[in-house]
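Student: My structure is below; once you've seen it, I'll send some questions.
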Amino acid sequence: MNKQLLRALTVLLLVATPSLILAQETEQEDAAQSEEQVIQGEATEFIFVEGSLPLVPSSNTIASKLPLALFMTPNNIGIVTAELMREQNARVMGDALSNVSGVNVQPGFGVTDYFVIRGFDSLSSSLILTDGAPEPEATYWQLYNVDLVEVLKGPGGFLYGSNPLAGTVNLVRKQPLLAQRVTGGASYGSFADFEGLLDYNYGKPDSDVAFRINGLYRRSDGYRDEKDSRVTAFNPSLSWKLNEDHRLNASFEYVDAHYSPDAGVPLMLASFNADGSPNFEVAAVDPKANYNSQFDRSEQDIYRFQIDYEGTINDSVTIRNKLYHRRLEWLSDGTLINGVGPRNLRFEPQEGPDGATIFTTVYDGHDVFRTFIALDDKQDFFGNQFEAIFEFETGSVSHNLLTGVEFGRYADDFTLDVAFLAPIDLDDPVNFPLDPQPIPGQMAAGDARSVVFAPYAIDQISFSPNFQLLAGARLDTIDFKDDLSGRERNDSEVSPMLGAVWLPTGDVSVYGNYSRSFAPPSPRAFGDFDPEKSRQVEFGVKTRWLDGRAQLTAAVYELERENIAIPDDNGFTQQIGNQRSRGFELELAIEPGAGFRAVAAYAYNDAELTKFAETVLVPTPMGFLPFVVDRTGNRPAFAPEHLLSFWGTKTFTNGLGLSLGGRYIGEQFIAEDNAFAVDGAFVVNAAATYAWNGYNLSVNVQNLTGTDYYTRGFGSQSVIPATPAAVWVRLGVAF
């Protein structure tokens, strides 16, 4: 037997011994949910019957903001249900996204969710929504209160404005139910990982009001040295049926998150190629070794407030309004590894074979050179979306038209300081009691706000049961001002989308779409201040069988972006470039019966920097000087050619369930210079559950075979060793 597998199984037996308690909802739903509530769930955006979404979903809302059958959606929409997240012990958004084709999930310096969708990174190319409202730039999005994750691939500006240039992710939170229920528990696992969850719901079938609160507490020591974390969160929400035709939902959420940034382990120069380019390798050190400074921290306070209203005017007209506020307060101080060099390098004379004096290179070890990045960031998002939905016919053609207008004010007040840190020994990384020394001229700050006014419309046009168009557009007028730099800018541009679906048979649909988006430059950008633009063409085929309990989607696409702002290694200067991705995706979901269900996804992506010039700071006797290096033709960072994932579960009538899954990530470069690539890796995960009398005991094993591999570090000079075999035991209860 493989030694790594034997070690993983031994850990499983040792950790599974204690009696512990879980944390998520069981598959059983309270029988008190009424038929009236089922109808409400199908009719409204924010009140639905929990558990009605199977592992094989049949509809989505992200493509049109209206319930739309997946089979009639002209996009390859990624959907991850609560059932799948529960089986996989998914905790943050990245865990869920690993099931979606074309999405490569990587660590975000150990403090944020970070992913690459169709070759484009989430920080500069994607928009995250919670219940349809935009989120601040960076955080870990917790799943303790999430019932569904939807992913729209490609430009999403036609509905969501100026930022979703390559993808949009919507987190649908759990809503109050007309039932009385309490679920909760805790889990414990490797690296002293503990999590406690509570989900309390109060409502009655004949009542007009329902209340729900979800709570989370989690702490962990982490796999790597000094990488502990702690998260506390709670989300109360209230639903109120004003009368038969009008409903209101109010929600507040607070998240207090403390993480330890992870700079990773450094790369070392191994050799030079014939053309003089360097070859790097990961330093041969303990994978737990910590090269961060003693000053590193990440403290986040996240506030979400939202009020949703929906009213039926008549059989053909519905109105709704979404008032939202998001606030992120983030103190993030982290270490950036700049490279490894010899300590006390010197040339000592020695006598050669012929008596001549020769000089030998001598050094006393290796030092890791570092800089310190200190970010103090406050982001405030306030906005309102008013929408009206019209159902009507023009001759034999039927329309489901959504019109809306969004007003938003998005503020970002930040300071970003860069300083030198004392070098640290590669083999014995002990920090010296020296404060970071600021680097002159490398500080950045902003006090920016963008005021957005944006009307939009999208029409679902049905010419026949077998042919449908989806056409939409949004006009964003953006007034940008930075009080510190004095920069002001006004942008106004239309983001269109056109999609078509044709059903040659009842179980096969053929679709195509074209979409285009734009985004004003980041307030942290330097140099040229041009809008970023993206466009995508996508074609695909969807097929279903087993009465809809199995579906397969195949898609091909080309996605291009212009004027990309990509941060270089100092963390705040940004360059302008162009990028193109072409690819092919497959997604399968099947629930044939007899307690078996499975999902699988594969993606091939050919991504290229078609125009890219990067500024690199190089140390010289006169200080750090900028040099421009052409990266045109290189592959973007963390955009592997191949991605594969699968997950299968078999449940038995006695309450036992067994799951097995895996994920393959192909070779990927860690920076746009393409100087170093981490090898591809295949990771196996497994789970076992047992349910009885309202209780649910489960064991999840991550990286079952103990595969050694590396993930994204901070910058281009480090990587983070991935977590080895790890085990969690959970026990939950529902009343």
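As shown in the structure tokens, the chain order sets the letters A, B, ...; within each chain, residues go from 1, and ligands are also counted from 1 in the order they appear.
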List every residue of stretch 67-114 of chain A that has an atom at most 12 Å from any atom of stretch 252-260 of chain A, and for each one report the closest atom pair and its distance in Å to one decimal, counting only C-alpha atoms, with rows sorted by chain and then by increasing residue number, as JSON lines.
Tutor:
{"residue": "A:Gly108", "atom": "CA", "partner": "A:Tyr259", "partner_atom": "CA", "distance": 11.2}
{"residue": "A:Phe109", "atom": "CA", "partner": "A:Ser260", "partner_atom": "CA", "distance": 8.9}
{"residue": "A:Gly110", "atom": "CA", "partner": "A:Ser260", "partner_atom": "CA", "distance": 6.7}
{"residue": "A:Val111", "atom": "CA", "partner": "A:Tyr259", "partner_atom": "CA", "distance": 5.7}
{"residue": "A:Thr112", "atom": "CA", "partner": "A:Tyr259", "partner_atom": "CA", "distance": 9.1}
Student: Would you pick out the contacts of stretch 368-371 of chain A at 10 Å or less, using only C-alpha atoms, so that residues sharing its chain but fewer than 6 positions from it are not included, and give the list as a PyMOL selection string?
Tutor: chain A and resi 263+265-268+291-293+334-343+418-427+429+436-439+570
Student: Write the residues you've just listed into a file as a JSON list (two decimals), in the first residue's frame, and include C-alpha atoms for each of them.
Tutor:
[["chain", "number", "residue", "atom", "x", "y", "z"],
["A", 263, "ALA", "CA", 4.08, 34.67, 1.89],
["A", 265, "VAL", "CA", 8.27, 29.45, 0.69],
["A", 266, "PRO", "CA", 10.84, 31.07, -1.61],
["A", 267, "LEU", "CA", 12.11, 30.05, -5.01],
["A", 268, "MET", "CA", 15.85, 29.73, -5.64],
["A", 291, "TYR", "CA", 9.00, 33.54, 6.28],
["A", 292, "ASN", "CA", 6.47, 36.18, 7.27],
["A", 293, "SER", "CA", 7.42, 38.98, 9.62],
["A", 334, "GLY", "CA", 1.94, 41.20, 4.83],
["A", 335, "THR", "CA", 5.38, 40.03, 3.80],
["A", 336, "LEU", "CA", 6.45, 39.79, 0.17],
["A", 337, "ILE", "CA", 9.39, 37.52, -0.67],
["A", 338, "ASN", "CA", 11.72, 39.18, -3.19],
["A", 339, "GLY", "CA", 14.26, 36.40, -3.65],
["A", 340, "VAL", "CA", 17.08, 34.38, -2.09],
["A", 341, "GLY", "CA", 20.77, 35.28, -2.10],
["A", 342, "PRO", "CA", 24.05, 34.14, -0.51],
["A", 343, "ARG", "CA", 25.00, 35.61, 2.86],
["A", 418, "VAL", "CA", 5.89, 49.55, 1.18],
["A", 419, "ALA", "CA", 8.93, 48.99, 3.40],
["A", 420, "PHE", "CA", 12.08, 46.91, 3.62],
["A", 421, "LEU", "CA", 12.25, 44.03, 6.08],
["A", 422, "ALA", "CA", 15.44, 42.61, 7.50],
["A", 423, "PRO", "CA", 16.59, 39.50, 5.60],
["A", 424, "ILE", "CA", 15.80, 36.18, 7.24],
["A", 425, "ASP", "CA", 17.81, 32.97, 7.23],
["A", 426, "LEU", "CA", 16.53, 30.46, 4.67],
["A", 427, "ASP", "CA", 17.17, 27.41, 6.85],
["A", 429, "PRO", "CA", 13.73, 31.70, 9.62],
["A", 436, "PRO", "CA", 10.10, 47.75, 8.65],
["A", 437, "GLN", "CA", 11.98, 50.59, 6.94],
["A", 438, "PRO", "CA", 9.81, 52.62, 4.51],
["A", 439, "ILE", "CA", 10.97, 52.73, 0.89],
["A", 570, "ASN", "CA", 5.31, 45.85, -5.51]]
Student: I'd like the contact shell of A:Asp459 - 10 Å cut-off, only C-alpha atoms, skipping same-chain residues fewer than 3 positions apart - returned as number ranges by chain.
Tutor: A: 64, 389-391, 398-403, 462, 469-473, 498
Student: Applying 9 Å and only C-alpha atoms, which residues near A:Leu552 remain after dropping the ones on its own chain fewer than 2 positions away? List them as number ranges by chain.
Tutor: A: 541-544, 550, 554, 586-590
Student: When DSSP works through the backbone of this structure, what residues of stretch 245-357 of chain A end up as strand (DSSP E), shown as a VMD selection string?
Tutor: chain A and resid 246 to 259 265 to 272 278 to 282 297 to 312 317 to 342 346 to 351 357
Student: Hey, which of A:Ser645, A:Thr723, A:Ser98, A:Gln536 ends up closest to A:Gly157? Count only C-alpha atoms.
Tutor: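 For A:Gly157, the nearest of the candidates is A:Gln536.
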Student: Applying 9 Å and only C-alpha atoms, which residues near A:Pro455 remain after dropping the ones on its own chain fewer than 6 positions away? List them as an MDAnalysis selection string.
Tutor: chainID A and resid 403:407 473:476
Student: Which is closer to A:Leu328 than all the others in A:Thr477, A:Thr705, A:Gln300, A:Thr711, using only C-alpha atoms?
Tutor: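 Using only C-alpha atoms, A:Leu328 sits closest to A:Gln300.
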Student: Can you pull out the residues contacting stretch 208-224 of chain A? Cut-off 7 Å, using only C-alpha atoms, and skip same-chain residues under 6 positions away; I want them as a PyMOL selection string.
Tutor: chain A and resi 144-145+176-178+191-202+230-241+288-289+723
Student: May I have the selected residues written with N, CA and C atoms, as a compact mmCIF listing (two decimals), in the first residue's frame?
Tutor:
# COMPACT_ATOMS: atom_id res chain seq x y z
N TYR A 144 -21.52 29.58 5.36
CA TYR A 144 -22.36 29.08 6.44
C TYR A 144 -23.84 29.40 6.24
N ASN A 145 -24.13 30.47 5.49
CA ASN A 145 -25.51 30.90 5.27
C ASN A 145 -25.88 30.92 3.79
N PRO A 176 -35.62 33.16 5.34
CA PRO A 176 -36.58 32.69 6.34
C PRO A 176 -37.66 31.81 5.71
N LEU A 177 -38.06 30.77 6.43
CA LEU A 177 -39.07 29.83 5.98
C LEU A 177 -40.29 29.90 6.89
N LEU A 178 -41.45 29.52 6.36
CA LEU A 178 -42.66 29.44 7.17
C LEU A 178 -42.70 28.09 7.86
N PHE A 191 -5.15 20.04 12.39
CA PHE A 191 -4.57 21.35 12.67
C PHE A 191 -5.44 22.14 13.64
N ALA A 192 -6.04 21.42 14.61
CA ALA A 192 -6.87 22.03 15.66
C ALA A 192 -7.98 22.88 15.07
N ASP A 193 -8.57 22.39 14.02
CA ASP A 193 -9.64 23.13 13.33
C ASP A 193 -10.98 22.84 14.00
N PHE A 194 -11.64 23.88 14.46
CA PHE A 194 -12.95 23.75 15.10
C PHE A 194 -13.94 24.70 14.43
N GLU A 195 -15.16 24.21 14.21
CA GLU A 195 -16.21 25.04 13.64
C GLU A 195 -17.53 24.74 14.32
N GLY A 196 -18.25 25.80 14.67
CA GLY A 196 -19.58 25.66 15.23
C GLY A 196 -20.58 26.45 14.40
N LEU A 197 -21.75 25.87 14.14
CA LEU A 197 -22.77 26.50 13.31
C LEU A 197 -24.12 26.44 14.02
N LEU A 198 -24.92 27.45 13.79
CA LEU A 198 -26.29 27.48 14.29
C LEU A 198 -27.19 28.05 13.21
N ASP A 199 -28.34 27.40 13.01
CA ASP A 199 -29.34 27.87 12.06
C ASP A 199 -30.70 27.75 12.74
N TYR A 200 -31.25 28.90 13.14
CA TYR A 200 -32.54 28.93 13.83
C TYR A 200 -33.55 29.63 12.94
N ASN A 201 -34.69 28.98 12.70
CA ASN A 201 -35.75 29.55 11.87
C ASN A 201 -37.08 29.49 12.64
N TYR A 202 -37.80 30.61 12.60
CA TYR A 202 -39.11 30.65 13.25
C TYR A 202 -40.14 31.19 12.27
N ARG A 230 -9.31 32.94 12.66
CA ARG A 230 -10.53 32.94 13.47
C ARG A 230 -11.60 33.74 12.73
N VAL A 231 -12.81 33.17 12.65
CA VAL A 231 -13.92 33.84 11.97
C VAL A 231 -15.16 33.73 12.85
N THR A 232 -15.84 34.86 13.04
CA THR A 232 -17.13 34.90 13.71
C THR A 232 -18.11 35.63 12.80
N ALA A 233 -19.30 35.07 12.62
CA ALA A 233 -20.27 35.69 11.73
C ALA A 233 -21.68 35.37 12.18
N PHE A 234 -22.60 36.29 11.91
CA PHE A 234 -24.01 36.00 12.13
C PHE A 234 -24.84 36.78 11.13
N ASN A 235 -25.98 36.22 10.77
CA ASN A 235 -26.83 36.77 9.71
C ASN A 235 -28.30 36.60 10.07
N PRO A 236 -28.91 37.59 10.75
CA PRO A 236 -30.35 37.55 10.98
C PRO A 236 -31.10 38.11 9.76
N SER A 237 -32.25 37.53 9.45
CA SER A 237 -33.07 38.01 8.34
C SER A 237 -34.54 37.84 8.69
N LEU A 238 -35.36 38.71 8.10
CA LEU A 238 -36.79 38.73 8.39
C LEU A 238 -37.56 38.83 7.09
N SER A 239 -38.56 37.97 6.90
CA SER A 239 -39.46 38.03 5.75
C SER A 239 -40.86 38.39 6.23
N TRP A 240 -41.52 39.30 5.51
CA TRP A 240 -42.84 39.79 5.91
C TRP A 240 -43.73 39.86 4.68
N LYS A 241 -44.80 39.08 4.70
CA LYS A 241 -45.79 39.14 3.63
C LYS A 241 -46.78 40.25 3.99
N LYS A 288 6.46 23.61 6.16
CA LYS A 288 5.76 24.42 7.15
C LYS A 288 6.49 25.73 7.46
N ALA A 289 7.70 25.89 6.94
CA ALA A 289 8.53 27.04 7.30
C ALA A 289 7.81 28.35 7.02
N THR A 723 -1.96 21.92 1.62
CA THR A 723 -2.23 21.13 2.82
C THR A 723 -2.15 19.63 2.50
Student: Excluding stretch 304-313 of chain A and residues on its chain fewer than 5 positions from it, collect all residues at most 9 Å away from it, counting only C-alpha atoms, and give them as a ChimeraX atom specification.
Tutor: /A:44-46,130-131,133,135,235,244-255,318-327
Student: Rounded to one decimal, what separation in Å do you get between atom CA of A:Asp380 and atom CA of A:Val103?
Tutor: 27.9 Å
Student: Looking at only C-alpha atoms, which of A:Gly276, A:Gly395, A:Ser271, A:Gln460 is the one that sits closest to A:Pro67?
Tutor: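 Checking each candidate against A:Pro67, we get A:Gln460 as the closest.
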Student: Any idea what the distance is between atom CA of A:Thr139 and atom CA of A:Thr168?
Tutor: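 Between atom CA of A:Thr139 and atom CA of A:Thr168 the gap is 15.6 Å.
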Student: Using only C-alpha atoms, find the one residue out of A:Val451, A:Val430, A:Glu351, A:Leu416 that sits nearest to A:Asp367.
Tutor: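 Of A:Val451, A:Val430, A:Glu351, A:Leu416, the one nearest A:Asp367, counting only C-alpha atoms, is A:Val430.
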Student: Find the residue from A:Ala734, A:Leu656, A:Val678, A:Leu152 that sits nearest to A:Glu281; use only C-alpha atoms when measuring.
Tutor: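 Nearest candidate to A:Glu281 out of A:Ala734, A:Leu656, A:Val678, A:Leu152: A:Val678.
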